[in-house]
Protein chains: 4
Amino acid sequence: MPVNKIDMNSDVGESFGNYKLGMDEEVIPLISSANIACGFHASDPHVMRHTIAIAKKHGVAAGAHPGFPDLIAFGRRNIDASLDEIKDYVIYQIGALKAFATAQGMVLQHVKPHGALYTMAVKNMEIWDAVAEVIAAVDPELILFVLAGPWRKDLKAIGAKHGIRIAFEFFGDRAYNPDGSLVSRKLPGAVIHDHKQVAEKVLKMVKEGKVVCIDGTEIELKAETICVHGDNPAALELVGSIRKSLEEADVEIAPPASFL
Amino acid sequence: MPVNKIDMNSDVGESFGNYKLGMDEEVIPLISSANIACGFHASDPHVMRHTIAIAKKHGVAAGAHPGFPDLIAFGRRNIDASLDEIKDYVIYQIGALKAFATAQGMVLQHVKPHGALYTMAVKNMEIWDAVAEVIAAVDPELILFVLAGPWRKDLKAIGAKHGIRIAFEFFGDRAYNPDGSLVSRKLPGAVIHDHKQVAEKVLKMVKEGKVVCIDGTEIELKAETICVHGDNPAALELVGSIRKSLEEADVEIAPPASFL
Amino acid sequence: MPVNKIDMNSDVGESFGNYKLGMDEEVIPLISSANIACGFHASDPHVMRHTIAIAKKHGVAAGAHPGFPDLIAFGRRNIDASLDEIKDYVIYQIGALKAFATAQGMVLQHVKPHGALYTMAVKNMEIWDAVAEVIAAVDPELILFVLAGPWRKDLKAIGAKHGIRIAFEFFGDRAYNPDGSLVSRKLPGAVIHDHKQVAEKVLKMVKEGKVVCIDGTEIELKAETICVHGDNPAALELVGSIRKSLEEADVEIAPPASFL
Amino acid sequence: MPVNKIDMNSDVGESFGNYKLGMDEEVIPLISSANIACGFHASDPHVMRHTIAIAKKHGVAAGAHPGFPDLIAFGRRNIDASLDEIKDYVIYQIGALKAFATAQGMVLQHVKPHGALYTMAVKNMEIWDAVAEVIAAVDPELILFVLAGPWRKDLKAIGAKHGIRIAFEFFGDRAYNPDGSLVSRKLPGAVIHDHKQVAEKVLKMVKEGKVVCIDGTEIELKAETICVHGDNPAALELVGSIRKSLEEADVEIAPPASFL
């Protein structure tokens, strides 16, 4: 049964020192879950404090967005790190962000791995398992965000094994392969630029639990959270379009902690 | 009235990646409070996990040892950072270490600033105030370690203002000026190398609350924790001598959380 | 005798990884000397290669802009580094940039310390001496950019001692104290925002070798290079105004290697 | 025809800040080519200056040992970097080290990629080509060190294409597969610990251009340089054994620039 509530998440808090990135002040009020960078692939302690403050101000759920320690490449390169290294990186970053949340009277809601760490996990279930394990050890109330797809059952099992909740994530602006994977960004048509098309795609997933793939086939796909972007004015506009379309269809935009 | 309990603390967990530093396995069993580096001036996520594990194994209290983000100089250089920068650095590092403690079922006991951050605070009460403020915000059970001296009352007041406990630290192997400050390491006689002399100095402070200064004058000095080192075999031997001398004088070596 | 040639320099190549900063493509064609960040306080190897390429394309002289290893604060904080540390930082950064220049068939023209390294040198002649010493050792053809002021003779002496050329730098948009120092940015009136006023100030310095100070007094000030900025459209416009004003007064804008 | 000269190279200058690694003072006098870390995977500007000084003192040829910017893992992890990123990393590091050499009146002899960069190149000829390209651009006198093996002809061709010399490297303490590759360290027998056996293996390669593989088969293998280690007293002893064995067989130990 499709949900009538959906979360909208966005990667925020990605500035660093003198370097500004993103439009956090604008996008955070439009989403329900903020994925906040933790100082490895982006961000610094000052930016983290500030980003928690923005999330708090708008009543938006805050989550950790841990990445590889690869600031020079924004955490976007695969690094042949061991599972132990990954676990320690994730613990460290959750802890650092959590302290900023605590200091401002907030509670972290979720954890969404960033960039290469996320895409490596998508291809290697052991990484999801490792991340779930340390989330459970640090704070079992934290929800793990993972890619939605036919592997839902397997990831649910990992969540159950470690006693944590899993939220599945949908990418409205990305084309899907019939096997549920995302079409590589290197291929034509991978990213959908038409706002109306994206909004319709999101709505279909929310209402019917289905997505039309790049080859025209339709597959089942359940998700509790949608990834949106706040990098530039056009991205913000798209977020607005998706919100409007969901609201018009009586879908409530809410953080997953409220319905999972 | 002098205490009949005293804490012994040591800076540990200072290895980084492929680089090993210190004799943590040997020194941790000999102390009651471990000051654990948090990845800015030294350490990395793996080392932090491992150091928490050693402290847990030996029932030694664990504390955060935050420093400046200056790995190349081991956090030993003064950096003209703002109070806001310092506060954010300290929150971040406490949080990161706390997550490793939580993941292993431990609770952090204290915070002791490292290197230049410590010595800058000694000369600028506003830094102690800033550190106390964020400790209170992150976890008011954490005890702040500060340099013992005639400024005891002022620092007690800072602790009271923020609702946190303060533990004053004594350096048995360092010469003191009559104003209660440490003799600069650049001056002759600043560091006391004779083990017997150090042990006697520690005992005098613990039993009488007094220290004989470099000029022969005697001043009052109360402290709840003694700083010792575990960098090399000679340092370890000194720790043993101090322990023995304290035990023979019926002074109990215990973490400050147990008596403050 | 006032010069009828003047250099215009600007700090460029300050992007880092995914983070973009400045309008290098726009400002570099307008200047004669590009101060290129070298990866410590800003920039990375890719940005350095790219910035050398822009300078080459426009026939603009390239120089190293070494700073403290303090990316998180953009090299703007005083760090209590030793002269040996500073010398090694400067050698390293000059070498790194020089390799990119060599690889593209360019020769480096100059070295201008960045941020806190520059301002610390202004207050401590030993730092200029240290920087001059290593420039001479790495490549004595490199010109050292220093702050213009009454200390001209002393810095000329340092240049002569090490056998390198010195170019004195003037800040057209900054107010001067009667002792030749820059008015602190923390004080009102420190930065001049009126484009016409800046252009006139530059012209007066170039033509008469004089500057009107913040208190109205006039002092002598000789400089061979003017610092301009390319951070934003307004800054670019100012560069255009200064250029126009100089060209109308028959002052040639040229890199210092061509006339020193 | 087998050579009667051979180079002995070792990775040195791998300390960082407060962290000491290796026995550079002891091993450098025993080798003919020093591979000096350049600040990315290990080392810092101070260590680089100091290591060049040791090499100079002993008349040992100095080379750049560039690695990935992955200090936390000592450059030992594969990173999915682009060829452009690799080229820029290598240019940067060669330049930085070269400046220290120049400042001390030395000339760099060679470039040997470090750790994961080396092993990735071994499996991907495009990386060797990229490294050769930038070496030629920065300084075509620099010799590129690569793994010896049946691919000798292909790498010779890459050297010829870019106009640089290639030196092939032999690992006396590593077992070889019949295809010329090194036996993975994860497999038993990969590392040979018996000093006599290593010395004989080196001698056979030098004198006959042959190596006995892990399965007992004998393959042809020509190399101009042998990799040795100086991490610990046992490693140093092995270097001494190899030297003695070579000298007794009238093989001259000399840097490749002297015979290539």
# chains A, B, ... in the order shown; residues from 1 in each chain; ligands from 1

call {"tool": "residues_around", "arguments": {"residues": "segment 56-65 of chain C", "least_positions_apart": "4", "cutoff": "8 Å", "atoms": "only C-alpha atoms", "output": "PDB file with N, CA and C atoms, in the first residue's frame"}}
result
ATOM      1  N   ASP C  11      45.126  38.541  -6.408  1.00  0.00           N
ATOM      2  CA  ASP C  11      45.150  37.171  -5.895  1.00  0.00           C
ATOM      3  C   ASP C  11      44.156  36.336  -6.688  1.00  0.00           C
ATOM      4  N   ILE C  28      41.931  38.250 -14.656  1.00  0.00           N
ATOM      5  CA  ILE C  28      43.306  38.045 -15.128  1.00  0.00           C
ATOM      6  C   ILE C  28      43.627  38.867 -16.386  1.00  0.00           C
ATOM      7  N   PRO C  29      42.707  38.965 -17.341  1.00  0.00           N
ATOM      8  CA  PRO C  29      43.028  39.804 -18.517  1.00  0.00           C
ATOM      9  C   PRO C  29      43.232  41.284 -18.170  1.00  0.00           C
ATOM     10  N   ILE C  31      44.866  42.470 -15.420  1.00  0.00           N
ATOM     11  CA  ILE C  31      46.019  42.747 -14.563  1.00  0.00           C
ATOM     12  C   ILE C  31      47.319  42.407 -15.292  1.00  0.00           C
ATOM     13  N   SER C  32      48.444  42.708 -14.650  1.00  0.00           N
ATOM     14  CA  SER C  32      49.737  42.362 -15.254  1.00  0.00           C
ATOM     15  C   SER C  32      50.480  41.295 -14.457  1.00  0.00           C
ATOM     16  N   SER C  33      50.087  41.087 -13.201  1.00  0.00           N
ATOM     17  CA  SER C  33      50.718  40.043 -12.388  1.00  0.00           C
ATOM     18  C   SER C  33      49.658  39.268 -11.607  1.00  0.00           C
ATOM     19  N   ALA C  34      49.679  37.964 -11.772  1.00  0.00           N
ATOM     20  CA  ALA C  34      48.700  37.113 -11.092  1.00  0.00           C
ATOM     21  C   ALA C  34      49.364  36.410  -9.917  1.00  0.00           C
ATOM     22  N   ASN C  35      48.829  36.618  -8.713  1.00  0.00           N
ATOM     23  CA  ASN C  35      49.332  35.928  -7.527  1.00  0.00           C
ATOM     24  C   ASN C  35      48.530  34.641  -7.369  1.00  0.00           C
ATOM     25  N   ILE C  36      49.156  33.531  -7.633  1.00  0.00           N
ATOM     26  CA  ILE C  36      48.437  32.266  -7.722  1.00  0.00           C
ATOM     27  C   ILE C  36      48.610  31.442  -6.450  1.00  0.00           C
ATOM     28  N   ALA C  37      47.480  31.119  -5.815  1.00  0.00           N
ATOM     29  CA  ALA C  37      47.508  30.310  -4.596  1.00  0.00           C
ATOM     30  C   ALA C  37      48.124  28.942  -4.900  1.00  0.00           C
ATOM     31  N   CYS C  38      48.752  28.340  -3.895  1.00  0.00           N
ATOM     32  CA  CYS C  38      49.598  27.166  -4.114  1.00  0.00           C
ATOM     33  C   CYS C  38      49.160  25.920  -3.339  1.00  0.00           C
ATOM     34  N   ILE C  52      47.446  28.751 -14.145  1.00  0.00           N
ATOM     35  CA  ILE C  52      48.634  29.041 -14.968  1.00  0.00           C
ATOM     36  C   ILE C  52      48.208  29.158 -16.438  1.00  0.00           C
ATOM     37  N   GLN C  93      55.774  25.639  -1.669  1.00  0.00           N
ATOM     38  CA  GLN C  93      54.704  26.182  -2.504  1.00  0.00           C
ATOM     39  C   GLN C  93      55.226  26.811  -3.798  1.00  0.00           C
ATOM     40  N   ILE C  94      56.368  27.494  -3.698  1.00  0.00           N
ATOM     41  CA  ILE C  94      56.963  28.029  -4.930  1.00  0.00           C
ATOM     42  C   ILE C  94      57.266  26.878  -5.886  1.00  0.00           C
ATOM     43  N   LEU C  97      54.108  25.367  -7.605  1.00  0.00           N
ATOM     44  CA  LEU C  97      53.549  26.203  -8.672  1.00  0.00           C
ATOM     45  C   LEU C  97      54.501  26.282  -9.862  1.00  0.00           C
ATOM     46  N   LYS C  98      55.777  26.360  -9.562  1.00  0.00           N
ATOM     47  CA  LYS C  98      56.774  26.474 -10.623  1.00  0.00           C
ATOM     48  C   LYS C  98      56.694  25.287 -11.584  1.00  0.00           C
ATOM     49  N   MET C 106      55.941  28.303 -19.026  1.00  0.00           N
ATOM     50  CA  MET C 106      55.960  29.636 -18.418  1.00  0.00           C
ATOM     51  C   MET C 106      57.056  29.715 -17.364  1.00  0.00           C
ATOM     52  N   VAL C 107      57.441  30.942 -17.058  1.00  0.00           N
ATOM     53  CA  VAL C 107      58.419  31.182 -16.001  1.00  0.00           C
ATOM     54  C   VAL C 107      57.702  31.973 -14.916  1.00  0.00           C
ATOM     55  N   LEU C 108      57.930  31.640 -13.662  1.00  0.00           N
ATOM     56  CA  LEU C 108      57.327  32.433 -12.583  1.00  0.00           C
ATOM     57  C   LEU C 108      58.057  33.768 -12.472  1.00  0.00           C
ATOM     58  N   GLN C 109      57.298  34.808 -12.199  1.00  0.00           N
ATOM     59  CA  GLN C 109      57.883  36.134 -12.072  1.00  0.00           C
ATOM     60  C   GLN C 109      58.135  36.551 -10.634  1.00  0.00           C
ATOM     61  N   HIS C 110      57.190  36.172  -9.740  1.00  0.00           N
ATOM     62  CA  HIS C 110      57.269  36.785  -8.414  1.00  0.00           C
ATOM     63  C   HIS C 110      56.701  35.885  -7.331  1.00  0.00           C
ATOM     64  N   VAL C 111      56.855  36.355  -6.106  1.00  0.00           N
ATOM     65  CA  VAL C 111      56.303  35.684  -4.926  1.00  0.00           C
ATOM     66  C   VAL C 111      55.662  36.750  -4.055  1.00  0.00           C
ATOM     67  N   LYS C 112      54.394  36.525  -3.710  1.00  0.00           N
ATOM     68  CA  LYS C 112      53.727  37.433  -2.776  1.00  0.00           C
ATOM     69  C   LYS C 112      53.098  36.596  -1.673  1.00  0.00           C
ATOM     70  N   PRO C 113      53.601  36.693  -0.456  1.00  0.00           N
ATOM     71  CA  PRO C 113      52.995  35.939   0.648  1.00  0.00           C
ATOM     72  C   PRO C 113      51.527  36.333   0.817  1.00  0.00           C
ATOM     73  N   HIS C 114      50.752  35.370   1.274  1.00  0.00           N
ATOM     74  CA  HIS C 114      49.294  35.572   1.397  1.00  0.00           C
ATOM     75  C   HIS C 114      48.852  35.809   2.840  1.00  0.00           C
ATOM     76  N   PRO C 255      54.144  44.264 -15.982  1.00  0.00           N
ATOM     77  CA  PRO C 255      54.666  43.455 -14.876  1.00  0.00           C
ATOM     78  C   PRO C 255      56.027  43.980 -14.419  1.00  0.00           C
TER      79      PRO C 255
END

call {"tool": "interface_residues", "arguments": {"of": "chain D", "to": "chain A", "cutoff": "6 Å", "atoms": "only C-alpha atoms", "output": "PyMOL selection string"}}
result
chain D and resi 77-80

call {"tool": "select_by_dssp", "arguments": {"residues": "segment 28-170 of chain C", "states": "alpha helix (DSSP H)", "output": "number ranges by chain"}}
result
C: 45-57, 83-103, 115-123, 125-138, 152-162

call {"tool": "residues_around", "arguments": {"residues": "Lys244 of chain D", "least_positions_apart": "3", "cutoff": "12 Å", "atoms": "only C-alpha atoms", "output": "VMD selection string"}}
result
chain D and resid 30 195 to 196 199 to 200 202 to 203 237 to 241 247 to 253

call {"tool": "residues_around", "arguments": {"residues": "Ala160 of chain D", "least_positions_apart": "6", "cutoff": "12 Å", "atoms": "only C-alpha atoms", "output": "PyMOL selection string"}}
result
chain D and resi 129+132-133+136+140+143-144+153-154+166

call {"tool": "select_by_dssp", "arguments": {"residues": "segment 59-163 of chain A", "states": "strand (DSSP E or B)", "output": "ChimeraX atom specification"}}
result
/A:61-65,79,108-111,143-147

call {"tool": "write_last_selection", "arguments": {"atoms": "N, CA, C and O atoms", "output": "PDB file, in the first residue's frame"}}
result
ATOM      1  N   ALA A  61      13.915  18.193  10.282  1.00  0.00           N
ATOM      2  CA  ALA A  61      14.708  17.140  10.907  1.00  0.00           C
ATOM      3  C   ALA A  61      16.138  17.169  10.380  1.00  0.00           C
ATOM      4  O   ALA A  61      16.368  17.347   9.180  1.00  0.00           O
ATOM      5  N   ALA A  62      17.093  16.972  11.292  1.00  0.00           N
ATOM      6  CA  ALA A  62      18.510  17.016  10.921  1.00  0.00           C
ATOM      7  C   ALA A  62      19.096  15.615  10.909  1.00  0.00           C
ATOM      8  O   ALA A  62      18.791  14.798  11.782  1.00  0.00           O
ATOM      9  N   GLY A  63      19.931  15.350   9.936  1.00  0.00           N
ATOM     10  CA  GLY A  63      20.595  14.057   9.861  1.00  0.00           C
ATOM     11  C   GLY A  63      22.048  14.225   9.467  1.00  0.00           C
ATOM     12  O   GLY A  63      22.447  15.255   8.918  1.00  0.00           O
ATOM     13  N   ALA A  64      22.826  13.202   9.775  1.00  0.00           N
ATOM     14  CA  ALA A  64      24.249  13.232   9.427  1.00  0.00           C
ATOM     15  C   ALA A  64      24.435  12.748   7.999  1.00  0.00           C
ATOM     16  O   ALA A  64      23.782  11.800   7.559  1.00  0.00           O
ATOM     17  N   HIS A  65      25.361  13.383   7.302  1.00  0.00           N
ATOM     18  CA  HIS A  65      25.644  13.054   5.893  1.00  0.00           C
ATOM     19  C   HIS A  65      27.133  12.741   5.802  1.00  0.00           C
ATOM     20  O   HIS A  65      27.913  13.515   5.239  1.00  0.00           O
ATOM     21  N   ILE A  79      36.975   5.141  -2.780  1.00  0.00           N
ATOM     22  CA  ILE A  79      38.230   4.904  -2.084  1.00  0.00           C
ATOM     23  C   ILE A  79      38.158   3.485  -1.547  1.00  0.00           C
ATOM     24  O   ILE A  79      37.151   3.070  -0.982  1.00  0.00           O
ATOM     25  N   LEU A 108      19.268  14.254  16.436  1.00  0.00           N
ATOM     26  CA  LEU A 108      19.452  13.835  15.042  1.00  0.00           C
ATOM     27  C   LEU A 108      18.397  12.803  14.686  1.00  0.00           C
ATOM     28  O   LEU A 108      18.049  11.942  15.492  1.00  0.00           O
ATOM     29  N   GLN A 109      17.929  12.868  13.452  1.00  0.00           N
ATOM     30  CA  GLN A 109      16.906  11.932  13.004  1.00  0.00           C
ATOM     31  C   GLN A 109      17.458  10.784  12.182  1.00  0.00           C
ATOM     32  O   GLN A 109      17.003   9.651  12.275  1.00  0.00           O
ATOM     33  N   HIS A 110      18.454  11.092  11.336  1.00  0.00           N
ATOM     34  CA  HIS A 110      18.842  10.080  10.353  1.00  0.00           C
ATOM     35  C   HIS A 110      20.310  10.180   9.958  1.00  0.00           C
ATOM     36  O   HIS A 110      21.022  11.105  10.332  1.00  0.00           O
ATOM     37  N   VAL A 111      20.717   9.205   9.166  1.00  0.00           N
ATOM     38  CA  VAL A 111      22.064   9.164   8.598  1.00  0.00           C
ATOM     39  C   VAL A 111      21.930   8.800   7.131  1.00  0.00           C
ATOM     40  O   VAL A 111      21.295   7.803   6.788  1.00  0.00           O
ATOM     41  N   ILE A 143      17.615   6.849  11.811  1.00  0.00           N
ATOM     42  CA  ILE A 143      17.100   6.139  10.633  1.00  0.00           C
ATOM     43  C   ILE A 143      18.167   6.154   9.542  1.00  0.00           C
ATOM     44  O   ILE A 143      18.751   7.206   9.270  1.00  0.00           O
ATOM     45  N   LEU A 144      18.411   5.027   8.930  1.00  0.00           N
ATOM     46  CA  LEU A 144      19.383   4.971   7.828  1.00  0.00           C
ATOM     47  C   LEU A 144      18.681   5.176   6.487  1.00  0.00           C
ATOM     48  O   LEU A 144      17.727   4.473   6.173  1.00  0.00           O
ATOM     49  N   PHE A 145      19.143   6.136   5.723  1.00  0.00           N
ATOM     50  CA  PHE A 145      18.603   6.385   4.373  1.00  0.00           C
ATOM     51  C   PHE A 145      19.392   5.549   3.369  1.00  0.00           C
ATOM     52  O   PHE A 145      20.628   5.631   3.332  1.00  0.00           O
ATOM     53  N   VAL A 146      18.672   4.775   2.555  1.00  0.00           N
ATOM     54  CA  VAL A 146      19.322   3.939   1.532  1.00  0.00           C
ATOM     55  C   VAL A 146      18.573   4.089   0.212  1.00  0.00           C
ATOM     56  O   VAL A 146      17.450   4.578   0.180  1.00  0.00           O
ATOM     57  N   LEU A 147      19.206   3.634  -0.853  1.00  0.00           N
ATOM     58  CA  LEU A 147      18.565   3.720  -2.168  1.00  0.00           C
ATOM     59  C   LEU A 147      17.388   2.746  -2.252  1.00  0.00           C
ATOM     60  O   LEU A 147      17.528   1.556  -1.953  1.00  0.00           O
TER      61      LEU A 147
END

call {"tool": "atom_distance", "arguments": {"atom1": "atom CA of Gly189 of chain A", "atom2": "atom CA of Asp84 of chain D"}}
result
26.0 Å

call {"tool": "residues_around", "arguments": {"residues": "Thr225 of chain C", "least_positions_apart": "5", "cutoff": "7 Å", "atoms": "only C-alpha atoms", "output": "PyMOL selection string"}}
result
chain C and resi 6-9+167-170

call {"tool": "residues_around", "arguments": {"residues": "Asp231 of chain C", "least_positions_apart": "5", "cutoff": "10 Å", "atoms": "only C-alpha atoms", "output": "list in words"}}
result
Ser10, Asp11, Val12, Glu14, Leu21, Gly22, Met23, Asp24, Glu26, Val27 and Leu236 of chain C

call {"tool": "atom_distance", "arguments": {"atom1": "atom CA of Ile164 of chain D", "atom2": "atom CA of Ala103 of chain C"}}
result
14.4 Å

call {"tool": "decode", "arguments": {"residues": "segment 132-141 of chain A", "atoms": "all heavy atoms", "output": "compact mmCIF listing (two decimals), in the first residue's frame"}}
result
# COMPACT_ATOMS: atom_id res chain seq x y z
N ALA A 132 24.87 0.34 9.19
CA ALA A 132 23.75 0.05 10.10
C ALA A 132 24.27 -0.38 11.47
O ALA A 132 23.73 0.01 12.52
CB ALA A 132 22.86 -1.04 9.50
N GLU A 133 25.31 -1.18 11.46
CA GLU A 133 25.88 -1.66 12.72
C GLU A 133 26.33 -0.51 13.63
O GLU A 133 26.04 -0.49 14.82
CB GLU A 133 27.07 -2.59 12.41
CG GLU A 133 27.76 -3.11 13.66
CD GLU A 133 29.09 -3.81 13.33
OE1 GLU A 133 29.18 -4.45 12.26
OE2 GLU A 133 30.03 -3.67 14.12
N VAL A 134 27.04 0.45 13.04
CA VAL A 134 27.55 1.53 13.89
C VAL A 134 26.46 2.52 14.26
O VAL A 134 26.49 3.12 15.34
CB VAL A 134 28.78 2.25 13.27
CG1 VAL A 134 29.94 1.27 13.16
CG2 VAL A 134 28.45 2.89 11.96
N ILE A 135 25.48 2.69 13.40
CA ILE A 135 24.34 3.54 13.77
C ILE A 135 23.68 2.95 15.02
O ILE A 135 23.39 3.67 15.99
CB ILE A 135 23.32 3.63 12.62
CG1 ILE A 135 23.88 4.52 11.50
CG2 ILE A 135 21.98 4.17 13.12
CD1 ILE A 135 22.99 4.58 10.27
N ALA A 136 23.46 1.65 15.00
CA ALA A 136 22.83 0.99 16.15
C ALA A 136 23.66 1.17 17.41
O ALA A 136 23.13 1.35 18.50
CB ALA A 136 22.64 -0.49 15.85
N ALA A 137 24.97 1.15 17.24
CA ALA A 137 25.84 1.28 18.41
C ALA A 137 25.87 2.71 18.95
O ALA A 137 25.97 2.93 20.16
CB ALA A 137 27.27 0.84 18.04
N VAL A 138 25.78 3.68 18.06
CA VAL A 138 25.87 5.08 18.49
C VAL A 138 24.51 5.60 18.95
O VAL A 138 24.41 6.28 19.98
CB VAL A 138 26.43 5.97 17.36
CG1 VAL A 138 26.31 7.45 17.71
CG2 VAL A 138 27.87 5.60 17.06
N ASP A 139 23.47 5.28 18.19
CA ASP A 139 22.13 5.77 18.52
C ASP A 139 21.09 5.03 17.69
O ASP A 139 20.83 5.39 16.54
CB ASP A 139 22.04 7.28 18.25
CG ASP A 139 20.66 7.84 18.57
OD1 ASP A 139 19.76 7.06 18.93
OD2 ASP A 139 20.49 9.07 18.45
N PRO A 140 20.46 4.00 18.26
CA PRO A 140 19.54 3.16 17.48
C PRO A 140 18.25 3.88 17.05
O PRO A 140 17.46 3.30 16.31
CB PRO A 140 19.24 1.99 18.43
CG PRO A 140 19.61 2.47 19.78
CD PRO A 140 20.65 3.51 19.62
N GLU A 141 18.06 5.11 17.50
CA GLU A 141 16.91 5.88 17.03
C GLU A 141 17.15 6.49 15.65
O GLU A 141 16.22 6.96 15.00
CB GLU A 141 16.57 7.00 18.02
CG GLU A 141 16.04 6.51 19.36
CD GLU A 141 14.76 5.70 19.17
OE1 GLU A 141 13.85 6.15 18.46
OE2 GLU A 141 14.71 4.57 19.73
